[in-house]
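Here is the structure we will look at.
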Amino acid sequence: MFEEAQYFAPVAARDDGSVVVELAASHPGFADPVYRTRRNAIAGLAVNYRRGTPIPVAEYTEQEHGIWALVTRELAVKHDKYATAEYLDGAARLGLPQDRIPQLEEVSRLLEPLTGFRYLPAAGLVPLRDFYGVLADGYFHSTQYIRHHSVPFYTPEPDVIHEVIGHANALANDRYAALYRLAGEAARRVESEEALEIVSKVFWFTLEFGVMSEGAELKAYGAGILSSYGEIEEFRGMDIRPLDLQAMSTTKYDITKYQDVLFRADSLQHLEDVVGGFWATCDDESIAKMVRVSR
Ligand SMILES: [Fe+2]
């Protein structure tokens, strides 16, 4: 959802109507023809999707439902220890199935009565302006495929576990959902690509990889941490910096490795004031000024 690099596998739609997902040679499913055929079919659902129609059903195998059940069970234990109270509140309200992968249509049915958010299928990378822009309307783009069964606790790309466990549980909380919407409004408001990049970078360092003080403890609310079995155990040992918009806009990150620089909000109110306030008011001019000052 963020950068071309290797984060999302490229998806090619061919003239004959077929859709091909180009997995890198390092991808755990690269040499598995059955998995690759399924990835192509699932990507095809999103490529051919038209908004306003029901999201096509992705047929998952028993093995894939088993991956979801395993990862859900293991992450839930870690969430109790490491997730913010509001994320846990969202998870409790949403009540995702624990034993099988929910269809995105089902995620929407659970989520919409809570905060108005609905899911949209994505084959792979969605252009930044569209990905962020539709957040303002309460839509969240999500992949439908699941990681390869050989490595259930690892995925090089954002899969349905990341999109749903990481993001939907946060989107089920009113205060986090409001922040997602503000990010969308900011993406709609800014015109230059540079300003859009800053809006999305702030999203990356907060709603994807943000951490927060809760009493004397450090908790995570970012979807990238909360959906990653490895990162959730590591984030406390990372380079934790104070919440700072200028620093976020100039900090480099490598999407292919664990995120080693994290920004800590003092509280959810602090996050709402600083980051929510930024998204609520930023425009090309204010962002250009902020970037200039930090150079
Ligand atoms: Fe994400």
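Every chain in the structure tokens has a letter given in the order shown (A, B, ...), and although residue numbers restart at 1 in each chain, ligands are simply numbered from 1 in the order shown.
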For this session: Step one, run DSSP on the backbone; step two, keep only residues of region 76-182 of chain A assigned to strand (DSSP E or B); then write them as an NGL selection string.
Result: :A and (83 or 118-121 or 139-142)
Just the selected residues (all heavy atoms), exported as a JSON list (two decimals), in the first residue's frame, please.
```json
[["chain", "number", "residue", "atom", "x", "y", "z"],
["A", 83, "ALA", "N", -1.01, -4.53, 22.61],
["A", 83, "ALA", "CA", -1.85, -3.61, 21.84],
["A", 83, "ALA", "C", -2.49, -2.56, 22.75],
["A", 83, "ALA", "O", -2.73, -2.82, 23.94],
["A", 83, "ALA", "CB", -2.95, -4.38, 21.10],
["A", 118, "ARG", "N", -16.12, 0.38, 5.22],
["A", 118, "ARG", "CA", -16.34, -0.82, 4.40],
["A", 118, "ARG", "C", -15.05, -1.16, 3.67],
["A", 118, "ARG", "O", -14.24, -0.28, 3.41],
["A", 118, "ARG", "CB", -17.43, -0.54, 3.35],
["A", 118, "ARG", "CG", -18.82, -0.43, 3.91],
["A", 118, "ARG", "CD", -19.63, 0.60, 3.16],
["A", 118, "ARG", "NE", -19.08, 1.95, 3.39],
["A", 118, "ARG", "CZ", -19.50, 3.03, 2.77],
["A", 118, "ARG", "NH1", -20.44, 2.96, 1.86],
["A", 118, "ARG", "NH2", -18.96, 4.22, 3.04],
["A", 119, "TYR", "N", -14.90, -2.42, 3.32],
["A", 119, "TYR", "CA", -13.70, -2.87, 2.62],
["A", 119, "TYR", "C", -13.92, -2.90, 1.11],
["A", 119, "TYR", "O", -15.03, -3.14, 0.64],
["A", 119, "TYR", "CB", -13.29, -4.26, 3.14],
["A", 119, "TYR", "CG", -12.29, -4.17, 4.28],
["A", 119, "TYR", "CD1", -12.51, -3.31, 5.34],
["A", 119, "TYR", "CD2", -11.12, -4.91, 4.27],
["A", 119, "TYR", "CE1", -11.58, -3.20, 6.37],
["A", 119, "TYR", "CE2", -10.19, -4.81, 5.30],
["A", 119, "TYR", "CZ", -10.44, -3.95, 6.35],
["A", 119, "TYR", "OH", -9.51, -3.84, 7.36],
["A", 120, "LEU", "N", -12.82, -2.64, 0.40],
["A", 120, "LEU", "CA", -12.80, -2.77, -1.06],
["A", 120, "LEU", "C", -11.68, -3.74, -1.42],
["A", 120, "LEU", "O", -10.61, -3.68, -0.80],
["A", 120, "LEU", "CB", -12.49, -1.42, -1.72],
["A", 120, "LEU", "CG", -13.54, -0.32, -1.64],
["A", 120, "LEU", "CD1", -12.98, 0.97, -2.24],
["A", 120, "LEU", "CD2", -14.81, -0.74, -2.36],
["A", 121, "PRO", "N", -11.86, -4.59, -2.41],
["A", 121, "PRO", "CA", -10.79, -5.52, -2.77],
["A", 121, "PRO", "C", -9.69, -4.82, -3.58],
["A", 121, "PRO", "O", -9.98, -3.96, -4.42],
["A", 121, "PRO", "CB", -11.51, -6.56, -3.64],
["A", 121, "PRO", "CG", -12.66, -5.83, -4.23],
["A", 121, "PRO", "CD", -13.06, -4.77, -3.25],
["A", 139, "TYR", "N", -13.92, 4.00, 3.02],
["A", 139, "TYR", "CA", -13.55, 2.77, 2.31],
["A", 139, "TYR", "C", -12.11, 2.42, 2.60],
["A", 139, "TYR", "O", -11.25, 3.30, 2.63],
["A", 139, "TYR", "CB", -13.70, 2.94, 0.79],
["A", 139, "TYR", "CG", -15.11, 2.93, 0.30],
["A", 139, "TYR", "CD1", -15.71, 4.10, -0.17],
["A", 139, "TYR", "CD2", -15.85, 1.75, 0.29],
["A", 139, "TYR", "CE1", -17.02, 4.10, -0.63],
["A", 139, "TYR", "CE2", -17.16, 1.74, -0.17],
["A", 139, "TYR", "CZ", -17.74, 2.91, -0.63],
["A", 139, "TYR", "OH", -19.02, 2.90, -1.08],
["A", 140, "PHE", "N", -11.84, 1.13, 2.76],
["A", 140, "PHE", "CA", -10.47, 0.68, 2.97],
["A", 140, "PHE", "C", -10.13, -0.40, 1.95],
["A", 140, "PHE", "O", -10.80, -1.43, 1.88],
["A", 140, "PHE", "CB", -10.30, 0.12, 4.40],
["A", 140, "PHE", "CG", -8.89, -0.23, 4.71],
["A", 140, "PHE", "CD1", -7.99, 0.74, 5.13],
["A", 140, "PHE", "CD2", -8.43, -1.53, 4.54],
["A", 140, "PHE", "CE1", -6.67, 0.43, 5.39],
["A", 140, "PHE", "CE2", -7.10, -1.85, 4.79],
["A", 140, "PHE", "CZ", -6.22, -0.86, 5.22],
["A", 141, "HIS", "N", -9.08, -0.14, 1.17],
["A", 141, "HIS", "CA", -8.64, -1.12, 0.16],
["A", 141, "HIS", "C", -7.88, -2.25, 0.83],
["A", 141, "HIS", "O", -6.97, -2.01, 1.62],
["A", 141, "HIS", "CB", -7.69, -0.46, -0.84],
["A", 141, "HIS", "CG", -8.38, 0.25, -1.94],
["A", 141, "HIS", "ND1", -8.43, 1.63, -2.02],
["A", 141, "HIS", "CD2", -9.07, -0.21, -3.02],
["A", 141, "HIS", "CE1", -9.10, 1.98, -3.12],
["A", 141, "HIS", "NE2", -9.50, 0.89, -3.72],
["A", 142, "SER", "N", -8.19, -3.46, 0.46],
["A", 142, "SER", "CA", -7.58, -4.62, 1.12],
["A", 142, "SER", "C", -7.28, -5.72, 0.11],
["A", 142, "SER", "O", -8.09, -6.02, -0.76],
["A", 142, "SER", "CB", -8.57, -5.16, 2.16],
["A", 142, "SER", "OG", -8.18, -6.43, 2.63]]
```
Please write out the residues within 12 Å of ligand 1 as a JSON list (two decimals) with C-alpha atoms, in the first residue's frame, counting only C-alpha atoms and all ligand atoms.
```json
[["chain", "number", "residue", "atom", "x", "y", "z"],
["A", 1, "MET", "CA", 0.00, 0.00, 0.00],
["A", 2, "PHE", "CA", 2.92, 2.27, 0.16],
["A", 3, "GLU", "CA", 5.72, 2.05, -2.31],
["A", 7, "TYR", "CA", 6.20, -4.48, -1.06],
["A", 8, "PHE", "CA", 3.39, -5.52, -3.39],
["A", 124, "GLY", "CA", -1.99, -5.35, -5.17],
["A", 125, "LEU", "CA", -0.68, -1.82, -5.01],
["A", 126, "VAL", "CA", -3.41, 0.82, -5.17],
["A", 131, "PHE", "CA", -5.85, 4.35, -1.54],
["A", 132, "TYR", "CA", -5.81, 7.29, 0.85],
["A", 140, "PHE", "CA", -10.47, 0.68, 2.97],
["A", 141, "HIS", "CA", -8.64, -1.12, 0.16],
["A", 142, "SER", "CA", -7.58, -4.62, 1.12],
["A", 143, "THR", "CA", -5.83, -7.53, -0.50],
["A", 157, "GLU", "CA", 3.56, -8.43, 1.35],
["A", 158, "PRO", "CA", 0.45, -7.16, 3.09],
["A", 159, "ASP", "CA", -1.96, -10.11, 3.00],
["A", 160, "VAL", "CA", -5.50, -10.52, 4.32],
["A", 161, "ILE", "CA", -4.14, -11.16, 7.83],
["A", 162, "HIS", "CA", -2.42, -7.78, 7.81],
["A", 163, "GLU", "CA", -5.35, -5.96, 6.20],
["A", 164, "VAL", "CA", -8.05, -7.40, 8.42],
["A", 165, "ILE", "CA", -6.41, -8.24, 11.76],
["A", 166, "GLY", "CA", -4.10, -5.23, 11.61],
["A", 167, "HIS", "CA", -6.44, -2.63, 10.15],
["A", 168, "ALA", "CA", -10.07, -3.70, 10.68],
["A", 170, "ALA", "CA", -8.38, -0.49, 14.56],
["A", 171, "LEU", "CA", -11.08, 0.70, 12.15],
["A", 180, "TYR", "CA", -8.11, 7.13, 9.09],
["A", 200, "SER", "CA", 1.27, 8.95, 3.42],
["A", 203, "PHE", "CA", 0.27, 7.45, 7.93],
["A", 204, "TRP", "CA", 3.09, 4.92, 7.64],
["A", 205, "PHE", "CA", 4.74, 6.01, 10.88],
["A", 206, "THR", "CA", 1.43, 6.15, 12.79],
["A", 207, "LEU", "CA", -1.46, 3.99, 11.63],
["A", 208, "GLU", "CA", 0.93, 1.41, 10.15],
["A", 209, "PHE", "CA", 3.82, 1.47, 12.63],
["A", 210, "GLY", "CA", 2.80, 3.72, 15.50],
["A", 221, "TYR", "CA", -1.56, 0.58, 17.58],
["A", 222, "GLY", "CA", 0.01, 0.38, 14.09],
["A", 223, "ALA", "CA", -1.43, -2.34, 11.85],
["A", 224, "GLY", "CA", 2.00, -3.34, 10.56],
["A", 225, "ILE", "CA", 3.21, -4.19, 14.07],
["A", 226, "LEU", "CA", -0.03, -5.74, 15.32],
["A", 227, "SER", "CA", -0.31, -8.10, 12.37],
["A", 228, "SER", "CA", 3.31, -9.24, 12.50],
["A", 255, "ILE", "CA", 9.69, -1.59, 3.72]]
```
Contacts of Glu194 (chain A) at 10 Å or less, counting only C-alpha atoms, minus same-chain residues fewer than 5 places along, as a PDB file with N, CA and C atoms, in the first residue's frame?
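Saved result, around_16.pdb, follows:
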```pdb
ATOM      1  N   VAL A 199       1.840  13.107   3.509  1.00  0.00           N
ATOM      2  CA  VAL A 199       0.615  12.611   4.156  1.00  0.00           C
ATOM      3  C   VAL A 199       0.716  11.098   4.351  1.00  0.00           C
ATOM      4  N   SER A 200       1.206  10.408   3.330  1.00  0.00           N
ATOM      5  CA  SER A 200       1.265   8.953   3.419  1.00  0.00           C
ATOM      6  C   SER A 200       2.405   8.492   4.324  1.00  0.00           C
ATOM      7  N   ASP A 284      -0.859  21.956   0.605  1.00  0.00           N
ATOM      8  CA  ASP A 284       0.438  21.943  -0.075  1.00  0.00           C
ATOM      9  C   ASP A 284       1.405  22.948   0.540  1.00  0.00           C
ATOM     10  N   ILE A 287       2.634  21.993   4.118  1.00  0.00           N
ATOM     11  CA  ILE A 287       3.570  20.861   4.057  1.00  0.00           C
ATOM     12  C   ILE A 287       4.903  21.304   3.458  1.00  0.00           C
ATOM     13  N   ALA A 288       4.853  22.127   2.422  1.00  0.00           N
ATOM     14  CA  ALA A 288       6.105  22.613   1.822  1.00  0.00           C
ATOM     15  C   ALA A 288       6.908  23.385   2.852  1.00  0.00           C
ATOM     16  N   VAL A 291       8.482  20.946   5.399  1.00  0.00           N
ATOM     17  CA  VAL A 291       9.614  20.217   4.834  1.00  0.00           C
ATOM     18  C   VAL A 291      10.818  21.152   4.689  1.00  0.00           C
TER      19      VAL A 291
END
```
Exercise. Which neighbours of region 48-51 of chain A fall inside 9 Å, counting only C-alpha atoms, when residues of the same chain fewer than 3 positions from it are skipped, and could you give them as an MDAnalysis selection string?
Worked result: chainID A and resid 43:45 54:56 120:122
Would you mind exporting the chosen residues as a PDB file, in the first residue's frame, restricted to all heavy atoms?
```pdb
ATOM      1  N   ALA A  43      -6.353 -12.317  -7.433  1.00  0.00           N
ATOM      2  CA  ALA A  43      -6.084 -10.973  -7.969  1.00  0.00           C
ATOM      3  C   ALA A  43      -7.117 -10.607  -9.035  1.00  0.00           C
ATOM      4  O   ALA A  43      -7.553  -9.457  -9.128  1.00  0.00           O
ATOM      5  CB  ALA A  43      -4.670 -10.908  -8.543  1.00  0.00           C
ATOM      6  N   GLY A  44      -7.514 -11.604  -9.813  1.00  0.00           N
ATOM      7  CA  GLY A  44      -8.510 -11.362 -10.865  1.00  0.00           C
ATOM      8  C   GLY A  44      -9.838 -10.870 -10.313  1.00  0.00           C
ATOM      9  O   GLY A  44     -10.527 -10.057 -10.938  1.00  0.00           O
ATOM     10  N   LEU A  45     -10.182 -11.314  -9.110  1.00  0.00           N
ATOM     11  CA  LEU A  45     -11.439 -10.864  -8.487  1.00  0.00           C
ATOM     12  C   LEU A  45     -11.419  -9.355  -8.292  1.00  0.00           C
ATOM     13  O   LEU A  45     -12.401  -8.655  -8.548  1.00  0.00           O
ATOM     14  CB  LEU A  45     -11.638 -11.539  -7.116  1.00  0.00           C
ATOM     15  CG  LEU A  45     -11.716 -13.061  -7.065  1.00  0.00           C
ATOM     16  CD1 LEU A  45     -11.842 -13.525  -5.619  1.00  0.00           C
ATOM     17  CD2 LEU A  45     -12.887 -13.565  -7.907  1.00  0.00           C
ATOM     18  N   PRO A  54     -21.353  -6.380  -4.792  1.00  0.00           N
ATOM     19  CA  PRO A  54     -20.791  -7.188  -3.695  1.00  0.00           C
ATOM     20  C   PRO A  54     -19.367  -7.651  -4.026  1.00  0.00           C
ATOM     21  O   PRO A  54     -19.066  -7.934  -5.184  1.00  0.00           O
ATOM     22  CB  PRO A  54     -21.737  -8.391  -3.618  1.00  0.00           C
ATOM     23  CG  PRO A  54     -22.983  -7.969  -4.319  1.00  0.00           C
ATOM     24  CD  PRO A  54     -22.569  -6.966  -5.359  1.00  0.00           C
ATOM     25  N   ILE A  55     -18.518  -7.705  -3.020  1.00  0.00           N
ATOM     26  CA  ILE A  55     -17.140  -8.144  -3.234  1.00  0.00           C
ATOM     27  C   ILE A  55     -17.152  -9.637  -3.560  1.00  0.00           C
ATOM     28  O   ILE A  55     -17.761 -10.423  -2.822  1.00  0.00           O
ATOM     29  CB  ILE A  55     -16.290  -7.883  -1.976  1.00  0.00           C
ATOM     30  CG1 ILE A  55     -16.267  -6.377  -1.679  1.00  0.00           C
ATOM     31  CG2 ILE A  55     -14.868  -8.416  -2.168  1.00  0.00           C
ATOM     32  CD1 ILE A  55     -15.642  -6.030  -0.350  1.00  0.00           C
ATOM     33  N   PRO A  56     -16.521 -10.041  -4.665  1.00  0.00           N
ATOM     34  CA  PRO A  56     -16.533 -11.464  -5.023  1.00  0.00           C
ATOM     35  C   PRO A  56     -15.914 -12.319  -3.922  1.00  0.00           C
ATOM     36  O   PRO A  56     -14.968 -11.896  -3.246  1.00  0.00           O
ATOM     37  CB  PRO A  56     -15.673 -11.537  -6.295  1.00  0.00           C
ATOM     38  CG  PRO A  56     -15.536 -10.141  -6.766  1.00  0.00           C
ATOM     39  CD  PRO A  56     -15.732  -9.237  -5.599  1.00  0.00           C
ATOM     40  N   LEU A 120     -12.821  -2.641   0.397  1.00  0.00           N
ATOM     41  CA  LEU A 120     -12.796  -2.766  -1.062  1.00  0.00           C
ATOM     42  C   LEU A 120     -11.675  -3.735  -1.423  1.00  0.00           C
ATOM     43  O   LEU A 120     -10.609  -3.680  -0.798  1.00  0.00           O
ATOM     44  CB  LEU A 120     -12.487  -1.417  -1.724  1.00  0.00           C
ATOM     45  CG  LEU A 120     -13.536  -0.323  -1.640  1.00  0.00           C
ATOM     46  CD1 LEU A 120     -12.976   0.967  -2.245  1.00  0.00           C
ATOM     47  CD2 LEU A 120     -14.812  -0.737  -2.363  1.00  0.00           C
ATOM     48  N   PRO A 121     -11.861  -4.593  -2.415  1.00  0.00           N
ATOM     49  CA  PRO A 121     -10.790  -5.523  -2.774  1.00  0.00           C
ATOM     50  C   PRO A 121      -9.692  -4.824  -3.582  1.00  0.00           C
ATOM     51  O   PRO A 121      -9.976  -3.962  -4.417  1.00  0.00           O
ATOM     52  CB  PRO A 121     -11.511  -6.562  -3.639  1.00  0.00           C
ATOM     53  CG  PRO A 121     -12.661  -5.830  -4.232  1.00  0.00           C
ATOM     54  CD  PRO A 121     -13.063  -4.773  -3.248  1.00  0.00           C
ATOM     55  N   ALA A 122      -8.440  -5.195  -3.310  1.00  0.00           N
ATOM     56  CA  ALA A 122      -7.299  -4.679  -4.070  1.00  0.00           C
ATOM     57  C   ALA A 122      -6.461  -5.864  -4.543  1.00  0.00           C
ATOM     58  O   ALA A 122      -6.199  -6.787  -3.767  1.00  0.00           O
ATOM     59  CB  ALA A 122      -6.446  -3.769  -3.195  1.00  0.00           C
TER      60      ALA A 122
END
```
For this session: Rank nothing, just name the residue among A:Val274, A:Ile42, A:Ala85, A:Val21 nearest to Gly215 (chain A), using only C-alpha atoms.
Result: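 Smallest distance to Gly215 (chain A) is found for A:Ala85.
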Problem set entry | A:Asp130, A:Glu62, A:Asp239, A:Asp80 ranked by distance to Val261 (chain A), top pick (using only C-alpha atoms) |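 When distances to Val261 (chain A) are compared using only C-alpha atoms, the smallest one comes from A:Asp239.
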For this session: Quick one: everything within 9 Å of Arg73 (chain A), counting only C-alpha atoms, minus sequence neighbours fewer than 5 positions away in the same chain. Send it as a PyMOL selection string.
Result: chain A and resi 68+98-99
Could you save the residues just selected, with N, CA and C atoms, as a PDB file, in the first residue's frame?
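again-v7.pdb, freshly written:
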```pdb
ATOM      1  N   TRP A  68      -4.980 -18.835   9.009  1.00  0.00           N
ATOM      2  CA  TRP A  68      -5.681 -17.734   9.692  1.00  0.00           C
ATOM      3  C   TRP A  68      -5.914 -18.097  11.164  1.00  0.00           C
ATOM      4  N   GLN A  98     -12.454 -16.512  14.303  1.00  0.00           N
ATOM      5  CA  GLN A  98     -11.108 -16.948  14.695  1.00  0.00           C
ATOM      6  C   GLN A  98     -10.674 -18.221  13.987  1.00  0.00           C
ATOM      7  N   ASP A  99     -11.617 -18.930  13.435  1.00  0.00           N
ATOM      8  CA  ASP A  99     -11.292 -20.250  12.891  1.00  0.00           C
ATOM      9  C   ASP A  99     -11.219 -20.284  11.372  1.00  0.00           C
TER      10      ASP A  99
END
```
Exercise. As a PyMOL selection string, which residues of region 159-284 of chain A does DSSP assign to alpha helix (DSSP H)?
Worked result: chain A and resi 160+169-171+174-189+193-203+223-226+231-234+245-250+268-271+277-281+284
Keeping C-alpha atoms for every residue in the selection just given, could you write it to a file as a PDB file, in the first residue's frame?
```
ATOM      1  CA  VAL A 160      -5.501 -10.520   4.323  1.00  0.00           C
ATOM      2  CA  ASN A 169      -9.670  -4.068  14.444  1.00  0.00           C
ATOM      3  CA  ALA A 170      -8.377  -0.486  14.563  1.00  0.00           C
ATOM      4  CA  LEU A 171     -11.080   0.700  12.146  1.00  0.00           C
ATOM      5  CA  ASP A 174     -14.272   5.245  16.721  1.00  0.00           C
ATOM      6  CA  ARG A 175     -11.185   7.264  17.535  1.00  0.00           C
ATOM      7  CA  TYR A 176      -8.827   5.365  15.234  1.00  0.00           C
ATOM      8  CA  ALA A 177     -11.468   5.307  12.489  1.00  0.00           C
ATOM      9  CA  ALA A 178     -11.702   9.093  12.747  1.00  0.00           C
ATOM     10  CA  LEU A 179      -7.930   9.327  12.217  1.00  0.00           C
ATOM     11  CA  TYR A 180      -8.114   7.133   9.094  1.00  0.00           C
ATOM     12  CA  ARG A 181     -10.808   9.423   7.713  1.00  0.00           C
ATOM     13  CA  LEU A 182      -8.710  12.503   8.430  1.00  0.00           C
ATOM     14  CA  ALA A 183      -5.781  10.938   6.543  1.00  0.00           C
ATOM     15  CA  GLY A 184      -8.152  10.467   3.609  1.00  0.00           C
ATOM     16  CA  GLU A 185      -9.341  14.055   3.750  1.00  0.00           C
ATOM     17  CA  ALA A 186      -5.737  15.257   3.790  1.00  0.00           C
ATOM     18  CA  ALA A 187      -4.915  13.100   0.743  1.00  0.00           C
ATOM     19  CA  ARG A 188      -7.893  14.625  -1.076  1.00  0.00           C
ATOM     20  CA  ARG A 189      -6.911  18.160  -0.117  1.00  0.00           C
ATOM     21  CA  GLU A 193       2.780  14.536  -5.267  1.00  0.00           C
ATOM     22  CA  GLU A 194       5.329  15.687  -2.701  1.00  0.00           C
ATOM     23  CA  ALA A 195       2.625  16.725  -0.237  1.00  0.00           C
ATOM     24  CA  LEU A 196       0.751  13.457  -0.809  1.00  0.00           C
ATOM     25  CA  GLU A 197       3.949  11.577  -0.075  1.00  0.00           C
ATOM     26  CA  ILE A 198       4.253  13.374   3.278  1.00  0.00           C
ATOM     27  CA  VAL A 199       0.615  12.611   4.156  1.00  0.00           C
ATOM     28  CA  SER A 200       1.265   8.953   3.419  1.00  0.00           C
ATOM     29  CA  LYS A 201       4.564   8.925   5.289  1.00  0.00           C
ATOM     30  CA  VAL A 202       2.848  10.214   8.397  1.00  0.00           C
ATOM     31  CA  PHE A 203       0.268   7.448   7.928  1.00  0.00           C
ATOM     32  CA  ALA A 223      -1.433  -2.341  11.853  1.00  0.00           C
ATOM     33  CA  GLY A 224       1.996  -3.338  10.565  1.00  0.00           C
ATOM     34  CA  ILE A 225       3.208  -4.189  14.070  1.00  0.00           C
ATOM     35  CA  LEU A 226      -0.026  -5.739  15.320  1.00  0.00           C
ATOM     36  CA  GLU A 231       7.610  -7.332  14.940  1.00  0.00           C
ATOM     37  CA  ILE A 232       5.165  -7.367  17.815  1.00  0.00           C
ATOM     38  CA  GLU A 233       7.860  -8.953  19.988  1.00  0.00           C
ATOM     39  CA  GLU A 234      10.548  -6.579  18.779  1.00  0.00           C
ATOM     40  CA  LEU A 245       5.774  15.367  12.035  1.00  0.00           C
ATOM     41  CA  GLN A 246       8.942  16.894  10.645  1.00  0.00           C
ATOM     42  CA  ALA A 247      11.024  13.935  11.724  1.00  0.00           C
ATOM     43  CA  MET A 248       8.510  11.537  10.160  1.00  0.00           C
ATOM     44  CA  SER A 249       8.567  13.388   6.897  1.00  0.00           C
ATOM     45  CA  THR A 250      12.343  13.127   6.627  1.00  0.00           C
ATOM     46  CA  LEU A 268      -4.231   8.700  21.942  1.00  0.00           C
ATOM     47  CA  GLN A 269      -5.223  12.293  22.661  1.00  0.00           C
ATOM     48  CA  HIS A 270      -1.680  13.350  21.812  1.00  0.00           C
ATOM     49  CA  LEU A 271      -1.861  11.402  18.531  1.00  0.00           C
ATOM     50  CA  GLY A 277      -4.635  18.014  13.674  1.00  0.00           C
ATOM     51  CA  PHE A 278      -2.068  17.839  10.883  1.00  0.00           C
ATOM     52  CA  TRP A 279      -4.300  15.799   8.568  1.00  0.00           C
ATOM     53  CA  ALA A 280      -7.301  17.996   9.368  1.00  0.00           C
ATOM     54  CA  THR A 281      -5.591  21.190   8.263  1.00  0.00           C
ATOM     55  CA  ASP A 284       0.438  21.943  -0.075  1.00  0.00           C
TER      56      ASP A 284
END
```
Seminar exercise, completed: Counting only C-alpha atoms, closest pick from A:Ser108, A:Val293, A:Tyr82, A:Asp260 relative to Leu218 (chain A) is A:Tyr82
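For the choices A:Arg14, A:Ile240, A:Gly276, A:Leu114, the atom-to-atom distance to Asp89 (chain A) is smallest for A:Leu114 when using only C-alpha atoms.
The shortest atom-to-atom distance to Gln259 (chain A), with only C-alpha atoms taken into account, belongs to A:Arg236 out of A:Arg236, A:Pro242, A:Ala92, A:Val107.
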Problem set entry | Separation of CA of Leu111 (chain A) from CA of Arg93 (chain A) in Å |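 Pair CA of Arg93 (chain A) / CA of Leu111 (chain A) returns 8.9 Å.
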When you look at Leu23 (chain A) with a cut-off of 9 Å (counting only C-alpha atoms), what residues show up, excluding the ones that are within fewer than 6 positions of it in the same chain? I need them as a PDB file with N, CA and C atoms, in the first residue's frame.
```
ATOM      1  N   PHE A   8       4.460  -4.803  -2.713  1.00  0.00           N
ATOM      2  CA  PHE A   8       3.394  -5.522  -3.392  1.00  0.00           C
ATOM      3  C   PHE A   8       3.950  -6.205  -4.625  1.00  0.00           C
ATOM      4  N   ALA A   9       3.551  -7.441  -4.842  1.00  0.00           N
ATOM      5  CA  ALA A   9       3.925  -8.113  -6.080  1.00  0.00           C
ATOM      6  C   ALA A   9       3.164  -7.437  -7.230  1.00  0.00           C
ATOM      7  N   PRO A  10       3.851  -7.157  -8.341  1.00  0.00           N
ATOM      8  CA  PRO A  10       3.161  -6.523  -9.467  1.00  0.00           C
ATOM      9  C   PRO A  10       2.071  -7.448 -10.037  1.00  0.00           C
ATOM     10  N   VAL A  11       0.998  -6.826 -10.490  1.00  0.00           N
ATOM     11  CA  VAL A  11      -0.126  -7.580 -11.055  1.00  0.00           C
ATOM     12  C   VAL A  11      -0.307  -7.129 -12.499  1.00  0.00           C
ATOM     13  N   GLY A  29       6.102 -18.431  -1.903  1.00  0.00           N
ATOM     14  CA  GLY A  29       5.218 -19.199  -2.779  1.00  0.00           C
ATOM     15  C   GLY A  29       5.691 -19.252  -4.228  1.00  0.00           C
ATOM     16  N   PHE A  30       6.884 -18.705  -4.490  1.00  0.00           N
ATOM     17  CA  PHE A  30       7.366 -18.572  -5.873  1.00  0.00           C
ATOM     18  C   PHE A  30       7.367 -19.896  -6.634  1.00  0.00           C
ATOM     19  N   ARG A  36       0.468 -20.177  -6.866  1.00  0.00           N
ATOM     20  CA  ARG A  36       0.523 -19.096  -7.852  1.00  0.00           C
ATOM     21  C   ARG A  36      -0.757 -19.021  -8.668  1.00  0.00           C
TER      22      ARG A  36
END
```
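Closest to His27 (chain A) among A:Tyr154, A:Tyr253, A:Tyr229, A:Phe263 is A:Tyr154, based on only C-alpha atoms.
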